[in-house]
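Next comes data04.csv, with CSV, C-alpha atoms.
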```csv
chain,number,residue,atom,x,y,z
C,1,MET,CA,91.9,-120.8,-160.9
C,2,LYS,CA,91.8,-120.4,-157.1
C,3,LYS,CA,91.8,-123.6,-155.0
C,4,ILE,CA,90.4,-124.6,-151.6
C,5,PHE,CA,91.1,-127.8,-149.6
C,6,ILE,CA,88.2,-128.6,-147.2
C,7,LEU,CA,89.2,-130.6,-144.2
C,8,THR,CA,86.5,-132.2,-142.0
C,9,GLY,CA,86.9,-134.9,-139.4
C,10,GLU,CA,83.3,-136.2,-139.0
C,11,PRO,CA,79.9,-136.2,-140.6
C,12,SER,CA,78.7,-133.1,-138.7
C,13,GLY,CA,81.6,-131.1,-140.0
C,14,ASP,CA,81.0,-132.4,-143.5
C,15,LYS,CA,77.4,-131.1,-143.3
C,16,LEU,CA,78.5,-127.7,-142.1
C,17,ALA,CA,81.2,-127.4,-144.7
C,18,SER,CA,78.8,-128.3,-147.5
C,19,LYS,CA,76.4,-125.5,-146.6
C,20,VAL,CA,79.2,-123.0,-146.8
C,21,ILE,CA,80.7,-124.3,-150.0
C,22,ALA,CA,77.3,-124.4,-151.7
C,23,ASP,CA,76.9,-120.7,-150.9
C,24,LEU,CA,80.5,-120.0,-152.0
C,25,LYS,CA,79.8,-121.7,-155.4
C,26,LYS,CA,77.0,-119.2,-156.0
C,27,ILE,CA,79.2,-116.1,-155.5
C,28,ASN,CA,82.4,-117.5,-156.9
C,29,PRO,CA,81.9,-120.5,-159.2
C,30,SER,CA,85.6,-120.5,-160.4
C,31,VAL,CA,87.1,-122.4,-157.5
C,32,GLU,CA,88.7,-125.8,-157.6
C,33,TYR,CA,88.1,-128.1,-154.6
C,34,LEU,CA,89.6,-131.2,-152.9
C,35,SER,CA,88.6,-132.5,-149.5
C,36,VAL,CA,88.5,-134.9,-146.7
C,37,GLY,CA,84.7,-135.1,-146.5
C,38,GLY,CA,81.6,-137.2,-146.6
C,39,ASP,CA,78.2,-137.5,-148.3
C,40,ASN,CA,77.4,-133.8,-148.2
C,41,LEU,CA,80.5,-132.6,-149.9
C,42,ARG,CA,80.4,-135.4,-152.4
C,43,SER,CA,76.9,-134.3,-153.3
C,44,LEU,CA,78.5,-131.0,-154.4
C,45,GLY,CA,80.8,-132.9,-156.7
C,46,ILE,CA,83.8,-132.5,-154.4
C,47,LYS,CA,86.2,-135.5,-154.2
C,48,SER,CA,87.5,-136.8,-150.9
C,49,ILE,CA,91.0,-138.2,-150.7
C,50,TYR,CA,89.8,-141.0,-148.4
C,51,ASN,CA,86.7,-142.1,-146.6
C,52,LEU,CA,85.8,-140.0,-143.6
C,53,GLU,CA,85.2,-143.1,-141.4
C,54,GLU,CA,89.0,-143.7,-141.5
C,55,ILE,CA,89.5,-140.9,-139.1
C,56,THR,CA,86.5,-140.9,-136.8
C,57,TYR,CA,87.5,-142.3,-133.4
C,58,LEU,CA,85.5,-142.0,-130.2
C,59,GLY,CA,87.2,-141.1,-126.9
C,60,PHE,CA,90.7,-140.8,-125.6
C,61,THR,CA,91.4,-144.5,-125.3
C,62,LYS,CA,90.3,-145.3,-128.9
C,63,VAL,CA,92.6,-142.4,-130.0
C,64,PHE,CA,95.5,-143.8,-127.9
C,65,LEU,CA,95.1,-147.3,-129.4
C,66,ASN,CA,95.1,-145.8,-132.9
C,67,LEU,CA,97.9,-143.3,-132.5
C,68,PHE,CA,100.1,-144.8,-135.1
C,69,LYS,CA,97.2,-145.0,-137.6
C,70,ILE,CA,96.1,-141.5,-136.9
C,71,ASN,CA,99.6,-140.0,-137.2
C,72,ASN,CA,99.9,-141.8,-140.6
C,73,LYS,CA,96.6,-140.2,-141.7
C,74,ILE,CA,97.7,-136.8,-140.6
C,75,ASN,CA,100.9,-137.2,-142.6
C,76,GLN,CA,99.0,-138.5,-145.6
C,77,THR,CA,96.5,-135.5,-145.4
C,78,VAL,CA,99.3,-132.9,-145.0
C,79,GLN,CA,101.1,-134.2,-148.0
C,80,ALA,CA,97.9,-134.3,-150.1
C,81,ILE,CA,97.2,-130.7,-149.1
C,82,LEU,CA,100.7,-129.6,-150.0
C,83,ASP,CA,100.5,-131.4,-153.3
C,84,PHE,CA,97.2,-129.7,-154.1
C,85,ASN,CA,98.7,-126.4,-153.0
C,86,PRO,CA,95.4,-124.6,-152.3
C,87,ASP,CA,95.0,-120.9,-151.7
C,88,ILE,CA,93.0,-121.7,-148.6
C,89,LEU,CA,92.9,-124.7,-146.2
C,90,PHE,CA,89.4,-124.6,-144.8
C,91,THR,CA,89.3,-126.7,-141.7
C,92,VAL,CA,85.9,-127.5,-140.1
C,93,ASP,CA,85.4,-128.7,-136.5
C,94,SER,CA,87.2,-131.8,-135.1
C,95,PRO,CA,90.1,-129.7,-133.8
C,96,ASP,CA,92.2,-132.6,-132.5
C,97,PHE,CA,92.6,-133.8,-136.1
C,98,THR,CA,92.0,-130.7,-138.4
C,99,LEU,CA,94.1,-128.3,-136.4
C,100,ARG,CA,97.0,-130.7,-136.2
C,101,VAL,CA,97.0,-131.0,-139.9
C,102,ALA,CA,96.6,-127.2,-140.3
C,103,GLU,CA,99.7,-126.6,-138.0
C,104,ARG,CA,101.9,-128.9,-140.1
C,105,VAL,CA,100.7,-127.5,-143.4
C,106,LYS,CA,101.3,-123.9,-142.2
C,107,ASN,CA,104.8,-124.8,-141.0
C,108,LYS,CA,105.7,-126.3,-144.4
C,109,ASN,CA,103.9,-123.7,-146.6
C,110,SER,CA,103.1,-120.3,-144.9
C,111,ASN,CA,101.5,-119.0,-148.1
C,112,ILE,CA,98.5,-121.3,-147.7
C,113,LYS,CA,95.8,-119.3,-145.8
C,114,THR,CA,94.2,-121.2,-143.0
C,115,ILE,CA,90.6,-120.6,-142.0
C,116,HIS,CA,88.9,-122.6,-139.3
C,117,TYR,CA,85.1,-123.0,-138.9
C,118,VAL,CA,83.7,-124.0,-135.5
C,119,ALA,CA,86.1,-122.9,-132.9
C,120,PRO,CA,87.5,-125.4,-130.4
C,121,GLN,CA,85.5,-125.3,-127.2
C,122,VAL,CA,88.1,-123.5,-125.2
C,123,TRP,CA,85.4,-122.3,-122.8
C,124,VAL,CA,84.9,-126.0,-121.9
C,125,TRP,CA,88.5,-127.1,-121.5
C,126,ARG,CA,92.1,-126.3,-122.5
C,127,GLU,CA,91.8,-122.6,-122.9
C,128,GLY,CA,95.6,-122.5,-123.3
C,129,ARG,CA,95.1,-123.8,-126.9
C,130,VAL,CA,94.2,-120.3,-128.0
C,131,LYS,CA,97.8,-119.1,-127.8
C,132,LYS,CA,99.0,-122.0,-129.9
C,133,ILE,CA,96.3,-121.6,-132.5
C,134,LYS,CA,97.3,-118.0,-133.1
C,135,LYS,CA,100.6,-119.3,-134.6
C,136,PHE,CA,99.0,-121.2,-137.5
C,137,ILE,CA,95.4,-120.2,-138.0
C,138,ASP,CA,94.7,-116.9,-139.9
C,139,HIS,CA,91.0,-116.6,-139.2
C,140,ILE,CA,88.3,-118.3,-137.2
C,141,LEU,CA,84.6,-118.4,-138.0
C,142,LEU,CA,82.6,-118.6,-134.7
C,143,LEU,CA,79.3,-120.3,-134.2
C,144,PHE,CA,78.4,-118.4,-130.9
C,145,SER,CA,78.9,-114.8,-130.1
C,146,PHE,CA,80.1,-115.5,-126.5
C,147,GLU,CA,83.2,-117.3,-128.0
C,148,LYS,CA,84.6,-114.1,-129.4
C,149,LYS,CA,86.1,-112.8,-126.2
C,150,TYR,CA,88.4,-115.8,-125.8
C,151,PHE,CA,90.0,-115.1,-129.2
C,152,ASP,CA,89.9,-111.4,-129.1
C,153,LYS,CA,91.9,-111.6,-125.8
C,154,GLU,CA,94.8,-113.1,-127.8
C,155,GLN,CA,94.2,-110.8,-130.8
C,156,ILE,CA,93.3,-113.7,-133.1
C,157,SER,CA,91.4,-112.7,-136.2
C,158,CYS,CA,87.8,-114.0,-135.9
C,159,GLU,CA,84.2,-113.3,-136.6
C,160,PHE,CA,80.8,-114.5,-135.4
C,161,VAL,CA,78.8,-116.0,-138.2
C,162,GLY,CA,76.2,-117.9,-136.3
C,163,HIS,CA,75.1,-121.5,-136.3
C,164,PRO,CA,73.4,-122.9,-139.4
C,165,LEU,CA,71.4,-125.4,-137.4
C,166,LEU,CA,69.6,-122.4,-135.8
C,167,GLU,CA,68.3,-121.0,-139.0
C,168,ASP,CA,64.7,-121.3,-140.0
C,169,LYS,CA,64.4,-123.9,-142.8
C,170,ARG,CA,62.0,-123.9,-145.7
C,171,ASP,CA,59.1,-126.3,-145.0
C,172,ASP,CA,59.0,-128.6,-148.1
C,173,ARG,CA,55.9,-130.8,-148.4
C,174,ILE,CA,57.0,-134.4,-148.0
C,175,ASP,CA,54.8,-137.5,-147.7
C,176,ILE,CA,56.1,-139.6,-144.8
C,177,ASN,CA,53.2,-142.1,-144.7
C,178,GLN,CA,55.4,-144.7,-146.4
C,179,ILE,CA,58.0,-144.4,-143.6
C,180,VAL,CA,55.6,-143.9,-140.7
C,181,GLY,CA,52.1,-145.3,-140.7
C,182,LYS,CA,49.1,-143.0,-140.4
C,183,ASN,CA,48.0,-142.0,-136.9
C,184,LYS,CA,51.4,-143.1,-135.5
C,185,ALA,CA,53.3,-140.8,-133.1
C,186,ILE,CA,57.0,-140.4,-133.9
C,187,ILE,CA,60.0,-140.3,-131.5
C,188,SER,CA,63.1,-139.2,-133.4
C,189,VAL,CA,66.3,-141.0,-132.3
C,190,PHE,CA,69.8,-139.6,-132.9
C,191,ALA,CA,72.2,-142.4,-132.0
C,192,GLY,CA,75.4,-140.6,-133.2
C,193,SER,CA,77.3,-140.2,-136.4
C,194,ARG,CA,80.2,-142.5,-135.6
C,195,ILE,CA,79.9,-146.3,-135.7
C,196,SER,CA,81.6,-146.4,-132.3
C,197,GLU,CA,78.9,-144.3,-130.8
C,198,ILE,CA,76.2,-146.3,-132.5
C,199,ASN,CA,77.6,-149.6,-131.2
C,200,ILE,CA,77.4,-148.3,-127.6
C,201,LEU,CA,74.0,-146.7,-127.7
C,202,MET,CA,71.9,-149.0,-130.0
C,203,PRO,CA,71.6,-151.9,-127.5
C,204,ILE,CA,70.5,-149.5,-124.8
C,205,LEU,CA,68.0,-147.8,-127.1
C,206,PHE,CA,66.5,-151.1,-128.3
C,207,ASN,CA,66.0,-152.2,-124.6
C,208,PHE,CA,64.3,-148.8,-124.0
C,209,ILE,CA,62.0,-149.2,-127.0
C,210,LYS,CA,61.0,-152.7,-125.7
C,211,LEU,CA,60.1,-151.2,-122.3
C,212,MET,CA,58.1,-148.4,-124.0
C,213,GLY,CA,56.1,-151.0,-125.9
C,214,ASP,CA,54.3,-152.2,-122.8
C,215,LYS,CA,52.6,-148.8,-122.3
C,216,TYR,CA,52.9,-146.8,-125.5
C,217,LYS,CA,51.6,-148.9,-128.4
C,218,ASP,CA,51.3,-146.5,-131.3
C,219,ILE,CA,54.8,-144.9,-131.5
C,220,THR,CA,57.3,-145.3,-134.3
C,221,TYR,CA,61.0,-144.8,-133.5
C,222,VAL,CA,62.8,-143.2,-136.4
C,223,PHE,CA,66.6,-143.3,-136.3
C,224,HIS,CA,68.2,-140.4,-138.0
C,225,SER,CA,71.4,-141.5,-139.8
C,226,ASN,CA,74.0,-140.3,-142.3
C,227,LEU,CA,74.4,-142.4,-145.5
C,228,ASP,CA,77.5,-144.1,-144.3
C,229,GLN,CA,75.8,-145.6,-141.2
C,230,ASN,CA,72.4,-146.2,-142.7
C,231,GLU,CA,73.0,-149.9,-143.5
C,232,ALA,CA,74.6,-150.6,-140.1
C,233,ILE,CA,71.6,-149.2,-138.3
C,234,HIS,CA,69.2,-150.9,-140.6
C,235,THR,CA,70.9,-154.2,-140.0
C,236,ARG,CA,70.8,-153.7,-136.2
C,237,ILE,CA,67.1,-152.9,-136.3
C,238,LYS,CA,66.4,-156.0,-138.4
C,239,ASN,CA,68.3,-158.2,-136.0
C,240,SER,CA,66.6,-156.7,-133.0
C,241,GLY,CA,63.2,-158.1,-134.0
C,242,LEU,CA,61.6,-154.7,-133.4
C,243,SER,CA,58.9,-153.8,-135.9
C,244,ASN,CA,58.3,-150.2,-134.8
C,245,CYS,CA,61.7,-148.8,-135.9
C,246,GLU,CA,62.8,-147.1,-139.1
C,247,VAL,CA,65.9,-145.4,-140.3
C,248,VAL,CA,66.2,-142.4,-142.6
C,249,SER,CA,69.3,-140.6,-144.0
C,250,ASP,CA,67.8,-138.1,-146.5
C,251,ASN,CA,68.2,-134.7,-145.0
C,252,LYS,CA,64.9,-133.3,-146.1
C,253,ILE,CA,63.0,-136.3,-144.9
C,254,LYS,CA,64.9,-136.2,-141.6
C,255,ALA,CA,64.0,-132.6,-141.1
C,256,HIS,CA,60.3,-133.2,-141.8
C,257,ILE,CA,60.1,-136.2,-139.5
C,258,LEU,CA,61.8,-134.3,-136.7
C,259,LYS,CA,59.2,-131.5,-137.0
C,260,LYS,CA,56.4,-134.2,-136.8
C,261,SER,CA,58.0,-135.9,-133.7
C,262,ILE,CA,56.5,-135.8,-130.2
C,263,PHE,CA,59.9,-136.2,-128.7
C,264,ALA,CA,63.6,-136.7,-129.5
C,265,ILE,CA,66.4,-138.8,-128.0
C,266,VAL,CA,69.7,-137.2,-128.8
C,267,LYS,CA,73.3,-138.3,-128.5
C,268,SER,CA,75.1,-135.3,-127.0
C,269,GLY,CA,76.3,-133.0,-129.8
C,270,THR,CA,75.4,-130.1,-132.1
C,271,VAL,CA,72.3,-131.9,-133.4
C,272,SER,CA,70.6,-131.0,-130.2
C,273,LEU,CA,70.5,-127.4,-131.4
C,274,GLU,CA,68.6,-128.6,-134.5
C,275,VAL,CA,66.1,-130.5,-132.3
C,276,CYS,CA,65.6,-127.4,-130.1
C,277,ASN,CA,65.2,-125.2,-133.1
C,278,ALA,CA,62.4,-127.5,-134.3
C,279,LYS,CA,60.7,-127.0,-130.9
C,280,ILE,CA,60.8,-130.7,-130.0
C,281,PRO,CA,61.2,-131.7,-126.4
C,282,SER,CA,64.2,-134.0,-125.9
C,283,VAL,CA,66.7,-135.8,-123.6
C,284,ILE,CA,70.5,-136.0,-124.1
C,285,LEU,CA,72.4,-139.3,-124.0
C,286,TYR,CA,76.0,-140.0,-123.8
C,287,LYS,CA,78.1,-143.0,-122.7
C,288,MET,CA,81.8,-143.7,-122.8
C,289,ASN,CA,84.2,-146.2,-121.2
C,290,PHE,CA,85.2,-145.5,-117.6
C,291,ILE,CA,88.7,-144.4,-118.3
C,292,ASN,CA,87.5,-141.8,-120.8
C,293,PHE,CA,84.9,-140.6,-118.3
C,294,LEU,CA,87.6,-140.1,-115.6
C,295,ILE,CA,89.8,-138.1,-118.0
C,296,ILE,CA,86.8,-135.9,-119.0
C,297,LYS,CA,85.9,-135.3,-115.3
C,298,ILE,CA,89.4,-134.1,-114.6
C,299,LEU,CA,89.8,-131.8,-117.7
C,300,VAL,CA,86.4,-130.3,-118.2
C,301,LYS,CA,85.5,-127.1,-116.3
C,302,ILE,CA,81.8,-126.9,-116.9
C,303,LYS,CA,78.7,-128.5,-115.3
C,304,TYR,CA,76.8,-129.5,-118.3
C,305,ALA,CA,77.4,-131.4,-121.6
C,306,ASN,CA,74.7,-129.7,-123.8
C,307,ILE,CA,75.2,-126.2,-125.2
C,308,ILE,CA,71.7,-125.2,-124.3
C,309,ASN,CA,72.2,-126.2,-120.7
C,310,ILE,CA,75.7,-124.6,-120.7
C,311,ALA,CA,74.3,-121.3,-122.1
C,312,ALA,CA,71.4,-121.3,-119.6
C,313,ASP,CA,73.5,-122.5,-116.7
C,314,GLU,CA,70.6,-124.8,-115.9
C,315,GLU,CA,69.7,-128.4,-116.9
C,316,ILE,CA,66.8,-127.5,-119.1
C,317,ILE,CA,67.3,-130.7,-121.2
C,318,PRO,CA,67.9,-133.8,-119.0
C,319,GLU,CA,71.4,-135.2,-119.5
C,320,LEU,CA,71.5,-138.9,-119.2
C,321,LEU,CA,75.2,-139.6,-119.0
C,322,GLN,CA,77.2,-142.7,-118.1
C,323,SER,CA,75.3,-144.7,-115.4
C,324,LYS,CA,72.1,-142.8,-116.1
C,325,CYS,CA,72.3,-143.8,-119.8
C,326,ASN,CA,70.4,-147.1,-119.4
C,327,ALA,CA,67.1,-148.3,-120.7
C,328,GLY,CA,65.2,-148.1,-117.4
C,329,TYR,CA,66.2,-144.5,-116.6
C,330,ILE,CA,65.6,-143.3,-120.2
C,331,TYR,CA,62.1,-144.8,-120.0
C,332,LYS,CA,61.5,-143.1,-116.6
C,333,ILE,CA,62.5,-139.7,-117.9
C,334,ILE,CA,60.7,-139.8,-121.3
C,335,SER,CA,57.5,-141.3,-119.9
C,336,GLY,CA,57.5,-138.5,-117.4
C,337,PHE,CA,57.4,-136.0,-120.3
C,338,LEU,CA,54.9,-137.9,-122.4
C,339,ASP,CA,52.5,-138.2,-119.4
C,340,ALA,CA,52.9,-134.5,-118.6
C,341,PRO,CA,52.6,-132.4,-121.8
C,342,LEU,CA,52.9,-129.2,-119.8
C,343,LYS,CA,56.4,-130.3,-118.7
C,344,ALA,CA,57.4,-130.8,-122.3
C,345,GLU,CA,56.0,-127.4,-123.3
C,346,GLU,CA,57.9,-125.8,-120.5
C,347,GLN,CA,61.2,-127.3,-121.7
C,348,VAL,CA,60.5,-126.0,-125.3
C,349,LYS,CA,59.7,-122.6,-124.0
C,350,LYS,CA,62.9,-122.4,-122.0
C,351,THR,CA,65.0,-123.6,-125.0
C,352,GLN,CA,63.6,-121.0,-127.2
C,353,ILE,CA,64.7,-118.2,-124.8
C,354,VAL,CA,68.2,-119.6,-124.9
C,355,LEU,CA,68.2,-120.1,-128.7
C,356,ASN,CA,67.1,-116.5,-129.3
C,357,LYS,CA,70.3,-115.3,-127.5
C,358,LEU,CA,72.5,-117.6,-129.7
C,359,LYS,CA,70.9,-116.8,-133.1
C,360,THR,CA,72.0,-114.2,-135.6
C,361,LYS,CA,69.6,-112.6,-138.1
C,362,TYR,CA,72.0,-113.4,-140.9
C,363,VAL,CA,72.4,-116.7,-142.7
C,364,SER,CA,75.5,-118.4,-141.2
C,365,SER,CA,76.7,-120.2,-144.3
C,366,GLU,CA,76.5,-117.0,-146.4
C,367,LEU,CA,78.6,-115.1,-143.9
C,368,ALA,CA,81.1,-117.9,-143.8
C,369,SER,CA,81.2,-118.2,-147.6
C,370,GLN,CA,81.8,-114.4,-147.8
C,371,ALA,CA,84.7,-114.7,-145.5
C,372,LEU,CA,86.3,-117.4,-147.6
C,373,ASN,CA,85.8,-115.4,-150.7
C,374,ARG,CA,87.4,-112.3,-149.1
C,375,PHE,CA,90.5,-114.4,-148.3
C,376,LEU,CA,90.5,-115.9,-151.9
C,377,LEU,CA,90.9,-112.3,-153.2
C,378,LEU,CA,93.9,-111.6,-151.0
C,379,PRO,CA,97.5,-112.1,-152.3
C,380,SER,CA,99.4,-115.1,-151.0
C,381,LYS,CA,101.4,-113.0,-148.6
C,382,PHE,CA,99.0,-110.7,-146.9
C,383,THR,CA,99.5,-108.3,-144.0
C,384,HIS,CA,95.9,-107.2,-143.3
C,385,ILE,CA,93.2,-109.7,-142.4
C,386,PRO,CA,89.7,-108.7,-143.7
C,387,THR,CA,87.3,-109.1,-140.8
C,388,ILE,CA,83.7,-108.2,-140.4
C,389,ASN,CA,82.9,-107.7,-136.7
C,390,ASN,CA,79.6,-105.8,-136.9
C,391,VAL,CA,77.4,-108.9,-137.0
C,392,ASP,CA,74.3,-108.2,-134.9
C,393,SER,CA,73.4,-111.3,-132.8
C,394,SER,CA,70.1,-110.0,-131.8
C,395,ASN,CA,66.8,-110.9,-133.3
```
Hey, can you dump this file as structure tokens for me?
Amino acid sequence: MKKIFILTGEPSGDKLASKVIADLKKINPSVEYLSVGGDNLRSLGIKSIYNLEEITYLGFTKVFLNLFKINNKINQTVQAILDFNPDILFTVDSPDFTLRVAERVKNKNSNIKTIHYVAPQVWVWREGRVKKIKKFIDHILLLFSFEKKYFDKEQISCEFVGHPLLEDKRDDRIDINQIVGKNKAIISVFAGSRISEINILMPILFNFIKLMGDKYKDITYVFHSNLDQNEAIHTRIKNSGLSNCEVVSDNKIKAHILKKSIFAIVKSGTVSLEVCNAKIPSVILYKMNFINFLIIKILVKIKYANIINIAADEEIIPELLQSKCNAGYIYKIISGFLDAPLKAEEQVKKTQIVLNKLKTKYVSSELASQALNRFLLLPSKFTHIPTINNVDSSN
């Protein structure tokens, strides 16, 4: 039986990986799996060798303070992969963790094929990583068509498969009246998938919600969470004394609530694409400690934090970063949208133009699963890498 080890580094990667593996199971059910994963991979019956929370660290200083612990986790993970001896090591996102593991695994067992999903953002910073990646990654699955040129330049096997968050979802009928009262407007809140992010943003968000209460009475704020953080967010809401906040972690319910929202507050990250795809106006939040911020300012070579703004080379979605990430400023920006519906409509219209350029007419997870299956069919020592490069990115 063929074997795949799935290596993720955070909940968003776990979600992406689960979509690919669910499709792979349909075309090749005879595969054995082991992982470092979370709720989504577990729902497919795939065991994780440890809890995903053990490796999710926010920012450079947190990583620096946990270097010894992280190195031990890398060593533990490498050994677990070597012991499992998979045909494929499927690494997903979180390059500072997953690619370090992949490099060590490849050095110790070159017969294990390495496929990485979600290319490191070399177009943002550290483009020199591409030369190093070539030595230990056999194939890269790209989310965005514009990334391909960076890897083609170094003759790295890669293919554009598209982003699953940009695909049109089936609209299941779900009754959300038990979560949100009738005739209540909804603002969706994405405070992050890591506890460290949540700890920073929740106090700011609660103060913002209190400010909103003076003017906007009939709004329910729904926090979108993964299962691992649900209880922590629920406890924080309870302790805040706010009665107009809820937390949900079921993916179908979250998707339905997002579509019913009048606005979304989003911690900077890939979930912003999902919000834009649902045609919901939004703002982007991000806050880190001052040292991390200085390091980012030095290293990053782009003007914007959000992929939509980067692709458009324009701040379509307001980015409330660092000092702007405070309750008063968030209130000012969001009330400006709520009081001017045409402004919100204009933002949505612009995001759709950008999204149409980023989308593929194919199903991303299906293309990614087909790539994995092609590699499974190869002998251990292969000389030709099977790549499909004729994916049409137009609509």
Find the residues around C:Gln79 up to 10 Å (all atoms listed in the file counted), leave out those fewer than 5 positions away in its own chain, and share them as a PyMOL selection string. chain C and resi 73-74+84-85+101+104-105+108
Dump C-alpha atoms for the selected residues as a compact mmCIF listing (two decimals), keeping the file's coordinate frame?
```
# COMPACT_ATOMS: atom_id res chain seq x y z
CA LYS C 73 96.60 -140.20 -141.70
CA ILE C 74 97.70 -136.80 -140.60
CA PHE C 84 97.20 -129.70 -154.10
CA ASN C 85 98.70 -126.40 -153.00
CA VAL C 101 97.00 -131.00 -139.90
CA ARG C 104 101.90 -128.90 -140.10
CA VAL C 105 100.70 -127.50 -143.40
CA LYS C 108 105.70 -126.30 -144.40
```
With only C-alpha atoms as the atoms that count, which of C:Lys184, C:Lys259, C:Lys287, C:Lys324 lies nearest to C:Cys245? C:Lys184
Please compute the atom CA of C:Asp228-atom CA of C:Glu53 distance, one decimal, in Å.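 So the answer is 8.3 Å.
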Taking all atoms listed in the file into account, name the residue in C:Ser188, C:Thr351, C:Asn72, C:Ser110 that is nearest to C:His256.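 Looking at the shortest contact to C:His256, the residue is C:Ser188.
Atom CA of C:Leu165 sits 11.4 Å away from atom CA of C:Thr360.
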Please report the interatomic distance between atom CA of C:Tyr286 and atom CA of C:Ala17 in Å with one decimal.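 Between atom CA of C:Tyr286 and atom CA of C:Ala17 the gap works out to 25.0 Å.
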Given all atoms listed in the file as the basis, pick out the residue of C:Ile46, C:Ile115, C:Val271, C:Ile6 nearest to C:Arg374.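 When distances to C:Arg374 are compared using all atoms listed in the file, the smallest one comes from C:Ile115.
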For C:Asn356, the closest of C:Leu201, C:Asn244, C:Phe144, C:Ile209 counting all atoms listed in the file is C:Phe144
Give me the residues near C:Asn251 as a PDB file with C-alpha atoms, in the frame of the given file, where near means some atom within 10 Å (using only C-alpha atoms) and where sequence neighbours in that chain fewer than 5 positions away do not count.
```pdb
ATOM      1  CA  ASN C  40      77.400-133.800-148.200  1.00  0.00           C
ATOM      2  CA  HIS C 224      68.200-140.400-138.000  1.00  0.00           C
ATOM      3  CA  SER C 225      71.400-141.500-139.800  1.00  0.00           C
ATOM      4  CA  ASN C 226      74.000-140.300-142.300  1.00  0.00           C
ATOM      5  CA  LEU C 227      74.400-142.400-145.500  1.00  0.00           C
ATOM      6  CA  HIS C 256      60.300-133.200-141.800  1.00  0.00           C
ATOM      7  CA  ILE C 257      60.100-136.200-139.500  1.00  0.00           C
TER       8      ILE C 257
END
```
Who sits within 12 Å of C:Phe208, all atoms listed in the file, same chain under 3 positions skipped, as an mmCIF file with C-alpha atoms, keeping the file's coordinate frame:
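Done, and the output landed in result_11.cif:
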```
data_model
loop_
_atom_site.group_PDB
_atom_site.id
_atom_site.type_symbol
_atom_site.label_atom_id
_atom_site.label_comp_id
_atom_site.auth_asym_id
_atom_site.auth_seq_id
_atom_site.Cartn_x
_atom_site.Cartn_y
_atom_site.Cartn_z
ATOM 1 C CA VAL C 189 66.300 -141.000 -132.300
ATOM 2 C CA LEU C 201 74.000 -146.700 -127.700
ATOM 3 C CA MET C 202 71.900 -149.000 -130.000
ATOM 4 C CA PRO C 203 71.600 -151.900 -127.500
ATOM 5 C CA ILE C 204 70.500 -149.500 -124.800
ATOM 6 C CA LEU C 205 68.000 -147.800 -127.100
ATOM 7 C CA LEU C 211 60.100 -151.200 -122.300
ATOM 8 C CA MET C 212 58.100 -148.400 -124.000
ATOM 9 C CA GLY C 213 56.100 -151.000 -125.900
ATOM 10 C CA ASP C 214 54.300 -152.200 -122.800
ATOM 11 C CA LYS C 215 52.600 -148.800 -122.300
ATOM 12 C CA TYR C 216 52.900 -146.800 -125.500
ATOM 13 C CA TYR C 221 61.000 -144.800 -133.500
ATOM 14 C CA LEU C 242 61.600 -154.700 -133.400
ATOM 15 C CA ILE C 265 66.400 -138.800 -128.000
ATOM 16 C CA CYS C 325 72.300 -143.800 -119.800
ATOM 17 C CA ASN C 326 70.400 -147.100 -119.400
ATOM 18 C CA ALA C 327 67.100 -148.300 -120.700
ATOM 19 C CA GLY C 328 65.200 -148.100 -117.400
ATOM 20 C CA TYR C 329 66.200 -144.500 -116.600
ATOM 21 C CA ILE C 330 65.600 -143.300 -120.200
ATOM 22 C CA TYR C 331 62.100 -144.800 -120.000
ATOM 23 C CA LYS C 332 61.500 -143.100 -116.600
ATOM 24 C CA ILE C 333 62.500 -139.700 -117.900
ATOM 25 C CA ILE C 334 60.700 -139.800 -121.300
ATOM 26 C CA SER C 335 57.500 -141.300 -119.900
#
```
Within 10 Å of (64.0, -122.8, -125.7), all atoms listed in the file: residues as a list in words? Leu273, Cys276, Asn277, Ala278, Lys279, Ile280, Pro281, Ile308, Ala312, Ile316, Ile317, Glu345, Glu346, Gln347, Val348, Lys349, Lys350, Thr351, Gln352, Ile353, Val354, Leu355, Asn356 and Lys357 of chain C
From C:Met288, C:Val92, C:Ile112, C:Val118, residue lying nearest C:Ile198 [all atoms listed in the file]: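 Ranking C:Met288, C:Val92, C:Ile112, C:Val118 by distance to C:Ile198, first place goes to C:Met288.
With all atoms listed in the file as the atoms that count, the minimum distance from C:Glu274 to the choices C:Glu197, C:Glu167, C:Glu159, C:Glu103 is reached by C:Glu167.
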May I have the protein, DNA and RNA residues with any atom at most 8 Å from the point (75.6, -113.5, -123.8), counting all atoms listed in the file, written as a list in words? Ser145, Phe146, Lys357 and Leu358 of chain C
Just the residues within 8 Å of stretch 41-45 of chain C, please, counting only C-alpha atoms, with nothing from its chain fewer than 6 positions along; format it as an MDAnalysis selection string. chainID C and resid 14:15 17:18 22
